[in-house]
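Novice: Just dropping this structure here.
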Amino acid sequence: MERSFEIIPFEALNLENGRGMLFQYTPFELCCALKPFALRHLLDQGFERVIYLDADMAVFSGFGPVLEALGSADVLVTPHLDAPFPQDGLQPDDGHLLLSGMFNLGFIGVRDTHQGRAFINWWADKLERGCIEDHFNGLFVDQKYVDLAVGLFEGLRLLRHPGCNVAYWNLHSRKVTRDGQDWRVNGEPLVFFHFSDFDPERPRILSGHQTRFDLSELPDLAVLFENYSARLRENGLAETRQLPYGYSRYRQGGGISPAMRRAYLRASDRDRVINAFDRAQHPMSLRIAASVQWIRLSVTRLAHKLRRI
């Protein structure tokens, strides 16, 4: 694939707690935690409007509706729901979204205004140590905090265009159809689709997080997913899937457990050593805390499984 974009290295974000964030978070948590810092970096480079899109999205038409909405907003987000779920006992349901948040932050737009900057700084403060997946304590990485932002920042606006951030959670209210070479949603242009929890190796399964829709019953949508899978394969899916995560191991070798990451996250400043990737620097108190976290995480996983029975 010809590169038509610039890669910004992690170090360019100049994070005060950068090494700590690399160690304390899982890959998923880290990606979510870096959003406000990346947005702020781009605003500092002189961009007046910045839009974030998750890596599992595809763009199908111009961003005119997005830019128009962002022109009168300081912060622009998309709600998970724009119509109530059917009472059919299928997933996702209201409970699913109450756990994950009002908004899907696979998309967010920010404008370089006083309110836009205030929001980014507030969000960044929350995510430096609090971007964890912990439903039992009311947290889901970066998303649940922004539920609070509705009351804190008057310039936060909702993007309700039906063609923006189409995904498994809103297909009950958005019908995707083909119009020649174009795609439409409820008659409007499809701007971008969010292929959340989609596995391109199983292109007939819409998402592992939902039970409401079957692609075999949605022929137009099935073509969209098949085309997306083909594009991923053409652009090196098999090769990139083999790449290891760069922050998964200690300097001496050996993998870093989720329990150790969580223990380091919750550690006092005294135990947050300068280079957590060096096992030799870990105090005994941190190692004991990791053992306690292993028990807690095991109980949490068991409770989550029991909840789904």
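Ligands are numbered from 1 in the order shown, residues from 1 within each chain, and chains are lettered A, B, ... in the order they appear in the structure tokens.
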Name the residues of segment 32-247 of chain A that fall into strand (DSSP E) according to DSSP on the backbone, using the chain letters and numbers of this document, as a PyMOL selection string.

Specialist: chain A and resi 49-53+57-59+75-79+103-111+133-134+139-140+156-158+164-166+176-179+182-185+188-189+192-194

Novice: What does the file look like for those residues with N, CA and C atoms, as a short mmCIF file (atom, residue, chain, number, x, y, z; two decimals), in the first residue's frame?

Specialist:
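This went into selection.cif:
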```
data_model
loop_
_atom_site.label_atom_id
_atom_site.label_comp_id
_atom_site.auth_asym_id
_atom_site.auth_seq_id
_atom_site.Cartn_x
_atom_site.Cartn_y
_atom_site.Cartn_z
N ARG A 49 -9.24 22.02 13.26
CA ARG A 49 -10.21 20.96 13.52
C ARG A 49 -9.50 19.62 13.36
N VAL A 50 -9.71 18.73 14.32
CA VAL A 50 -9.07 17.42 14.29
C VAL A 50 -10.14 16.36 14.49
N ILE A 51 -10.07 15.31 13.69
CA ILE A 51 -11.03 14.20 13.77
C ILE A 51 -10.27 12.91 14.04
N TYR A 52 -10.74 12.16 15.00
CA TYR A 52 -10.18 10.84 15.30
C TYR A 52 -11.12 9.76 14.79
N LEU A 53 -10.56 8.72 14.14
CA LEU A 53 -11.31 7.54 13.72
C LEU A 53 -10.58 6.30 14.20
N MET A 57 -12.39 1.26 11.09
CA MET A 57 -13.40 2.00 10.33
C MET A 57 -12.98 2.11 8.87
N ALA A 58 -13.96 2.32 8.01
CA ALA A 58 -13.70 2.58 6.59
C ALA A 58 -14.56 3.75 6.16
N VAL A 59 -13.97 4.63 5.36
CA VAL A 59 -14.64 5.84 4.88
C VAL A 59 -15.16 5.59 3.47
N VAL A 75 -16.73 20.15 20.61
CA VAL A 75 -16.48 18.71 20.64
C VAL A 75 -17.65 18.03 19.95
N LEU A 76 -17.36 17.07 19.08
CA LEU A 76 -18.41 16.39 18.32
C LEU A 76 -18.30 14.89 18.54
N VAL A 77 -19.41 14.26 18.98
CA VAL A 77 -19.42 12.83 19.25
C VAL A 77 -20.68 12.21 18.66
N THR A 78 -20.66 10.88 18.52
CA THR A 78 -21.83 10.15 18.02
C THR A 78 -22.41 9.29 19.14
N PRO A 79 -23.73 9.37 19.37
CA PRO A 79 -24.35 8.51 20.38
C PRO A 79 -24.42 7.07 19.88
N PHE A 103 -21.75 7.27 24.35
CA PHE A 103 -21.17 7.63 23.06
C PHE A 103 -20.16 6.58 22.62
N ASN A 104 -20.06 6.41 21.31
CA ASN A 104 -18.99 5.57 20.79
C ASN A 104 -17.85 6.47 20.36
N LEU A 105 -16.73 6.35 21.04
CA LEU A 105 -15.61 7.24 20.79
C LEU A 105 -14.61 6.66 19.81
N GLY A 106 -15.09 5.73 18.97
CA GLY A 106 -14.32 5.38 17.79
C GLY A 106 -14.26 6.57 16.84
N PHE A 107 -15.17 7.50 17.05
CA PHE A 107 -15.15 8.79 16.35
C PHE A 107 -15.22 9.90 17.39
N ILE A 108 -14.43 10.93 17.20
CA ILE A 108 -14.59 12.17 17.95
C ILE A 108 -13.94 13.30 17.16
N GLY A 109 -14.57 14.44 17.16
CA GLY A 109 -14.02 15.62 16.52
C GLY A 109 -13.84 16.73 17.54
N VAL A 110 -12.76 17.48 17.43
CA VAL A 110 -12.47 18.57 18.36
C VAL A 110 -12.03 19.79 17.57
N ARG A 111 -12.51 20.95 18.01
CA ARG A 111 -12.10 22.21 17.38
C ARG A 111 -11.20 22.99 18.34
N GLU A 133 -10.48 -1.05 31.57
CA GLU A 133 -11.70 -1.79 31.30
C GLU A 133 -12.12 -2.47 32.60
N ASP A 134 -13.04 -1.85 33.32
CA ASP A 134 -13.42 -2.31 34.66
C ASP A 134 -14.90 -2.03 34.86
N LEU A 139 -16.26 1.66 34.83
CA LEU A 139 -15.32 2.23 33.88
C LEU A 139 -15.21 1.37 32.63
N PHE A 140 -15.18 2.03 31.49
CA PHE A 140 -14.87 1.35 30.24
C PHE A 140 -13.94 2.24 29.44
N LEU A 156 -20.25 20.69 23.60
CA LEU A 156 -20.29 19.31 23.11
C LEU A 156 -21.58 19.09 22.33
N ARG A 157 -21.47 18.60 21.12
CA ARG A 157 -22.62 18.39 20.24
C ARG A 157 -22.66 16.94 19.75
N LEU A 158 -23.86 16.49 19.38
CA LEU A 158 -24.05 15.14 18.87
C LEU A 158 -24.15 15.15 17.35
N CYS A 164 -22.99 8.25 9.55
CA CYS A 164 -21.76 8.40 10.34
C CYS A 164 -21.73 7.42 11.50
N ASN A 165 -20.64 6.68 11.57
CA ASN A 165 -20.42 5.69 12.64
C ASN A 165 -21.53 4.64 12.67
N VAL A 166 -21.83 4.11 11.50
CA VAL A 166 -22.77 3.00 11.40
C VAL A 166 -22.07 1.74 11.92
N VAL A 176 -28.70 -0.15 5.55
CA VAL A 176 -27.60 0.06 4.61
C VAL A 176 -27.97 -0.59 3.28
N THR A 177 -27.89 0.20 2.19
CA THR A 177 -28.23 -0.30 0.86
C THR A 177 -27.20 0.16 -0.16
N ARG A 178 -27.14 -0.60 -1.27
CA ARG A 178 -26.26 -0.22 -2.38
C ARG A 178 -27.04 0.60 -3.39
N ASP A 179 -26.37 1.61 -3.93
CA ASP A 179 -26.93 2.45 -4.98
C ASP A 179 -25.88 2.53 -6.08
N ASP A 182 -22.28 3.33 -5.04
CA ASP A 182 -22.36 4.08 -3.79
C ASP A 182 -23.11 3.28 -2.73
N TRP A 183 -22.95 3.73 -1.50
CA TRP A 183 -23.65 3.12 -0.37
C TRP A 183 -24.49 4.18 0.33
N ARG A 184 -25.67 3.76 0.78
CA ARG A 184 -26.56 4.69 1.46
C ARG A 184 -27.07 4.09 2.77
N VAL A 185 -27.42 4.99 3.67
CA VAL A 185 -27.99 4.59 4.97
C VAL A 185 -29.25 5.42 5.17
N GLU A 188 -29.44 8.34 2.93
CA GLU A 188 -28.34 9.31 2.97
C GLU A 188 -27.02 8.62 2.65
N PRO A 189 -26.01 9.36 2.18
CA PRO A 189 -24.72 8.73 1.88
C PRO A 189 -24.10 8.10 3.12
N PHE A 192 -18.99 6.86 7.01
CA PHE A 192 -18.01 5.89 7.51
C PHE A 192 -18.71 4.81 8.32
N PHE A 193 -18.20 3.59 8.16
CA PHE A 193 -18.75 2.40 8.83
C PHE A 193 -17.73 1.91 9.85
N HIS A 194 -18.23 1.48 10.98
CA HIS A 194 -17.39 1.00 12.08
C HIS A 194 -17.52 -0.52 12.17
#
```

Novice: Could you check the closest approach to Lys126 of chain A for each of A:Arg160, A:Gly254, A:Glu217, A:Ala33 and tell me which residue wins, using only C-alpha atoms?

Specialist: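 For Lys126 of chain A, the nearest of the candidates is A:Ala33.
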
Novice: Nearest to Asp94 of chain A among A:Arg249, A:His80, A:His41, A:Arg241, with distances taken over only C-alpha atoms: which residue is it?

Specialist: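 Once distances to Asp94 of chain A are computed over only C-alpha atoms, the minimum belongs to A:His80.
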
Novice: Can you measure atom CA of Thr113 of chain A to atom CA of Asp74 of chain A for me? One decimal in Å is fine.

Specialist: 6.4 Å

Novice: Find the residue from A:Pro65, A:Gly253, A:Gly116, A:Gly130 that sits nearest to Arg40 of chain A; use only C-alpha atoms when measuring.

Specialist: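 Closest candidate: A:Gly116.
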
Novice: Skip Gln91 of chain A itself and residues of its chain fewer than 5 positions away, then list as a count of residues only all residues within 9 Å of it, counting only C-alpha atoms.

Specialist: 6

Novice: I need the residue nearest Leu97 of chain A from this list: A:Gln143, A:Asn186, A:Asn137, A:Ser4. Use only C-alpha atoms for the distance.

Specialist: A:Gln143

Novice: Just want the 12 Å neighbourhood of Phe28 of chain A, counted on only C-alpha atoms, with same-chain residues fewer than 2 positions away dropped. Output as a VMD selection string.

Specialist: chain A and resid 21 to 22 24 to 26 30 to 35 54 to 55 131 to 133 140 to 142 245 258

Novice: Let me see the file: selected residues, C-alpha atoms, as a CSV table (one decimal), in the first residue's frame.

Specialist:
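What ended up in out09.csv:
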```
chain,number,residue,atom,x,y,z
A,21,MET,CA,1.4,4.4,30.5
A,22,LEU,CA,3.1,2.0,28.2
A,24,GLN,CA,0.4,0.0,33.1
A,25,TYR,CA,-2.1,-0.4,30.2
A,26,THR,CA,-3.0,-3.4,28.0
A,30,LEU,CA,-3.3,2.2,25.8
A,31,CYS,CA,-4.8,2.9,22.4
A,32,CYS,CA,-7.8,4.4,24.0
A,33,ALA,CA,-5.8,6.4,26.6
A,34,LEU,CA,-3.7,8.1,23.9
A,35,LYS,CA,-6.6,9.7,22.1
A,54,ASP,CA,-10.7,4.0,15.1
A,55,ALA,CA,-8.5,1.7,13.0
A,131,CYS,CA,-8.3,4.3,31.2
A,132,ILE,CA,-9.1,0.8,32.3
A,133,GLU,CA,-11.7,-1.8,31.3
A,140,PHE,CA,-14.9,1.3,30.2
A,141,VAL,CA,-11.6,2.8,29.0
A,142,ASP,CA,-12.0,6.3,27.6
A,245,TYR,CA,3.2,-6.0,20.4
A,258,PRO,CA,-2.3,-8.1,33.1
```

Novice: How would you write, as an mmCIF file with N, CA and C atoms, in the first residue's frame, the set of residues in segment 203-289 of chain A that DSSP gives as helix (DSSP H, G or I)?

Specialist:
```cif
data_model
loop_
_atom_site.group_PDB
_atom_site.id
_atom_site.type_symbol
_atom_site.label_atom_id
_atom_site.label_comp_id
_atom_site.auth_asym_id
_atom_site.auth_seq_id
_atom_site.Cartn_x
_atom_site.Cartn_y
_atom_site.Cartn_z
ATOM 1 N N LEU A 215 -25.680 -11.691 8.573
ATOM 2 C CA LEU A 215 -25.347 -11.141 7.256
ATOM 3 C C LEU A 215 -25.990 -11.924 6.119
ATOM 4 N N SER A 216 -26.322 -13.182 6.347
ATOM 5 C CA SER A 216 -26.984 -13.955 5.291
ATOM 6 C C SER A 216 -28.377 -13.406 4.985
ATOM 7 N N GLU A 217 -28.938 -12.635 5.907
ATOM 8 C CA GLU A 217 -30.254 -12.031 5.704
ATOM 9 C C GLU A 217 -30.157 -10.567 5.280
ATOM 10 N N PRO A 219 -28.174 -8.973 2.390
ATOM 11 C CA PRO A 219 -27.251 -9.167 1.263
ATOM 12 C C PRO A 219 -26.412 -7.945 0.919
ATOM 13 N N ASP A 220 -26.979 -6.753 0.975
ATOM 14 C CA ASP A 220 -26.185 -5.559 0.666
ATOM 15 C C ASP A 220 -25.078 -5.364 1.701
ATOM 16 N N LEU A 221 -25.438 -5.497 2.961
ATOM 17 C CA LEU A 221 -24.448 -5.329 4.023
ATOM 18 C C LEU A 221 -23.371 -6.415 3.943
ATOM 19 N N ALA A 222 -23.764 -7.619 3.540
ATOM 20 C CA ALA A 222 -22.789 -8.704 3.393
ATOM 21 C C ALA A 222 -21.729 -8.349 2.359
ATOM 22 N N VAL A 223 -22.134 -7.708 1.276
ATOM 23 C CA VAL A 223 -21.173 -7.281 0.252
ATOM 24 C C VAL A 223 -20.209 -6.248 0.828
ATOM 25 N N LEU A 224 -20.731 -5.322 1.626
ATOM 26 C CA LEU A 224 -19.883 -4.306 2.258
ATOM 27 C C LEU A 224 -18.795 -4.970 3.104
ATOM 28 N N PHE A 225 -19.176 -5.967 3.883
ATOM 29 C CA PHE A 225 -18.219 -6.661 4.744
ATOM 30 C C PHE A 225 -17.233 -7.488 3.923
ATOM 31 N N GLU A 226 -17.702 -8.128 2.877
ATOM 32 C CA GLU A 226 -16.801 -8.915 2.029
ATOM 33 C C GLU A 226 -15.781 -8.017 1.339
ATOM 34 N N ASN A 227 -16.228 -6.865 0.860
ATOM 35 C CA ASN A 227 -15.307 -5.922 0.211
ATOM 36 C C ASN A 227 -14.263 -5.405 1.201
ATOM 37 N N TYR A 228 -14.708 -5.116 2.408
ATOM 38 C CA TYR A 228 -13.781 -4.629 3.440
ATOM 39 C C TYR A 228 -12.736 -5.700 3.769
ATOM 40 N N SER A 229 -13.178 -6.939 3.901
ATOM 41 C CA SER A 229 -12.247 -8.038 4.179
ATOM 42 C C SER A 229 -11.220 -8.172 3.069
ATOM 43 N N ALA A 230 -11.673 -8.071 1.835
ATOM 44 C CA ALA A 230 -10.757 -8.191 0.695
ATOM 45 C C ALA A 230 -9.720 -7.073 0.704
ATOM 46 N N ARG A 231 -10.143 -5.847 1.023
ATOM 47 C CA ARG A 231 -9.200 -4.726 1.069
ATOM 48 C C ARG A 231 -8.148 -4.934 2.154
ATOM 49 N N LEU A 232 -8.565 -5.471 3.290
ATOM 50 C CA LEU A 232 -7.607 -5.740 4.364
ATOM 51 C C LEU A 232 -6.578 -6.777 3.928
ATOM 52 N N ARG A 233 -7.046 -7.820 3.269
ATOM 53 C CA ARG A 233 -6.109 -8.858 2.810
ATOM 54 C C ARG A 233 -5.148 -8.303 1.771
ATOM 55 N N GLU A 234 -5.653 -7.459 0.880
ATOM 56 C CA GLU A 234 -4.802 -6.867 -0.157
ATOM 57 C C GLU A 234 -3.724 -5.970 0.437
ATOM 58 N N LEU A 237 -2.908 -7.836 5.635
ATOM 59 C CA LEU A 237 -3.500 -8.307 6.885
ATOM 60 C C LEU A 237 -2.723 -9.483 7.468
ATOM 61 N N ALA A 238 -2.415 -10.479 6.633
ATOM 62 C CA ALA A 238 -1.742 -11.684 7.130
ATOM 63 C C ALA A 238 -0.391 -11.351 7.745
ATOM 64 N N GLU A 239 0.349 -10.437 7.104
ATOM 65 C CA GLU A 239 1.686 -10.091 7.603
ATOM 66 C C GLU A 239 1.603 -9.273 8.892
ATOM 67 N N THR A 240 0.740 -8.272 8.907
ATOM 68 C CA THR A 240 0.684 -7.394 10.079
ATOM 69 C C THR A 240 0.113 -8.107 11.299
ATOM 70 N N PRO A 258 -1.327 -9.157 32.787
ATOM 71 C CA PRO A 258 -2.320 -8.115 33.076
ATOM 72 C C PRO A 258 -2.352 -7.744 34.560
ATOM 73 N N ALA A 259 -2.102 -8.723 35.433
ATOM 74 C CA ALA A 259 -2.110 -8.447 36.873
ATOM 75 C C ALA A 259 -0.984 -7.492 37.258
ATOM 76 N N MET A 260 0.199 -7.667 36.674
ATOM 77 C CA MET A 260 1.306 -6.762 36.975
ATOM 78 C C MET A 260 1.017 -5.368 36.433
ATOM 79 N N ARG A 261 0.417 -5.292 35.246
ATOM 80 C CA ARG A 261 0.068 -3.975 34.700
ATOM 81 C C ARG A 261 -0.898 -3.251 35.643
ATOM 82 N N ARG A 262 -1.908 -3.975 36.124
ATOM 83 C CA ARG A 262 -2.897 -3.345 37.000
ATOM 84 C C ARG A 262 -2.279 -2.980 38.352
ATOM 85 N N ALA A 263 -1.380 -3.823 38.855
ATOM 86 C CA ALA A 263 -0.713 -3.512 40.120
ATOM 87 C C ALA A 263 0.131 -2.249 39.988
ATOM 88 N N TYR A 264 0.821 -2.117 38.877
ATOM 89 C CA TYR A 264 1.648 -0.927 38.654
ATOM 90 C C TYR A 264 0.772 0.317 38.516
ATOM 91 N N LEU A 265 -0.355 0.168 37.843
ATOM 92 C CA LEU A 265 -1.285 1.291 37.683
ATOM 93 C C LEU A 265 -1.746 1.816 39.042
ATOM 94 N N ARG A 266 -2.026 0.901 39.961
ATOM 95 C CA ARG A 266 -2.575 1.280 41.265
ATOM 96 C C ARG A 266 -1.493 1.556 42.311
ATOM 97 N N ARG A 279 12.660 -5.748 35.225
ATOM 98 C CA ARG A 279 12.174 -6.516 36.370
ATOM 99 C C ARG A 279 13.013 -6.282 37.623
ATOM 100 N N ALA A 280 14.293 -6.065 37.429
ATOM 101 C CA ALA A 280 15.192 -5.925 38.571
ATOM 102 C C ALA A 280 14.845 -4.714 39.426
ATOM 103 N N GLN A 281 14.131 -3.738 38.857
ATOM 104 C CA GLN A 281 13.769 -2.535 39.610
ATOM 105 C C GLN A 281 12.490 -2.697 40.435
ATOM 106 N N MET A 284 9.568 -5.479 46.214
ATOM 107 C CA MET A 284 8.778 -6.630 46.648
ATOM 108 C C MET A 284 7.310 -6.252 46.816
ATOM 109 N N SER A 285 7.034 -5.032 47.280
ATOM 110 C CA SER A 285 5.644 -4.611 47.476
ATOM 111 C C SER A 285 4.861 -4.632 46.168
ATOM 112 N N LEU A 286 5.514 -4.290 45.048
ATOM 113 C CA LEU A 286 4.843 -4.315 43.751
ATOM 114 C C LEU A 286 4.573 -5.748 43.321
ATOM 115 N N ARG A 287 5.490 -6.653 43.600
ATOM 116 C CA ARG A 287 5.301 -8.056 43.220
ATOM 117 C C ARG A 287 4.172 -8.689 44.027
ATOM 118 N N ILE A 288 4.085 -8.345 45.302
ATOM 119 C CA ILE A 288 2.987 -8.852 46.126
ATOM 120 C C ILE A 288 1.655 -8.293 45.626
ATOM 121 N N ALA A 289 1.639 -7.003 45.288
ATOM 122 C CA ALA A 289 0.413 -6.378 44.771
ATOM 123 C C ALA A 289 -0.041 -7.043 43.481
#
```
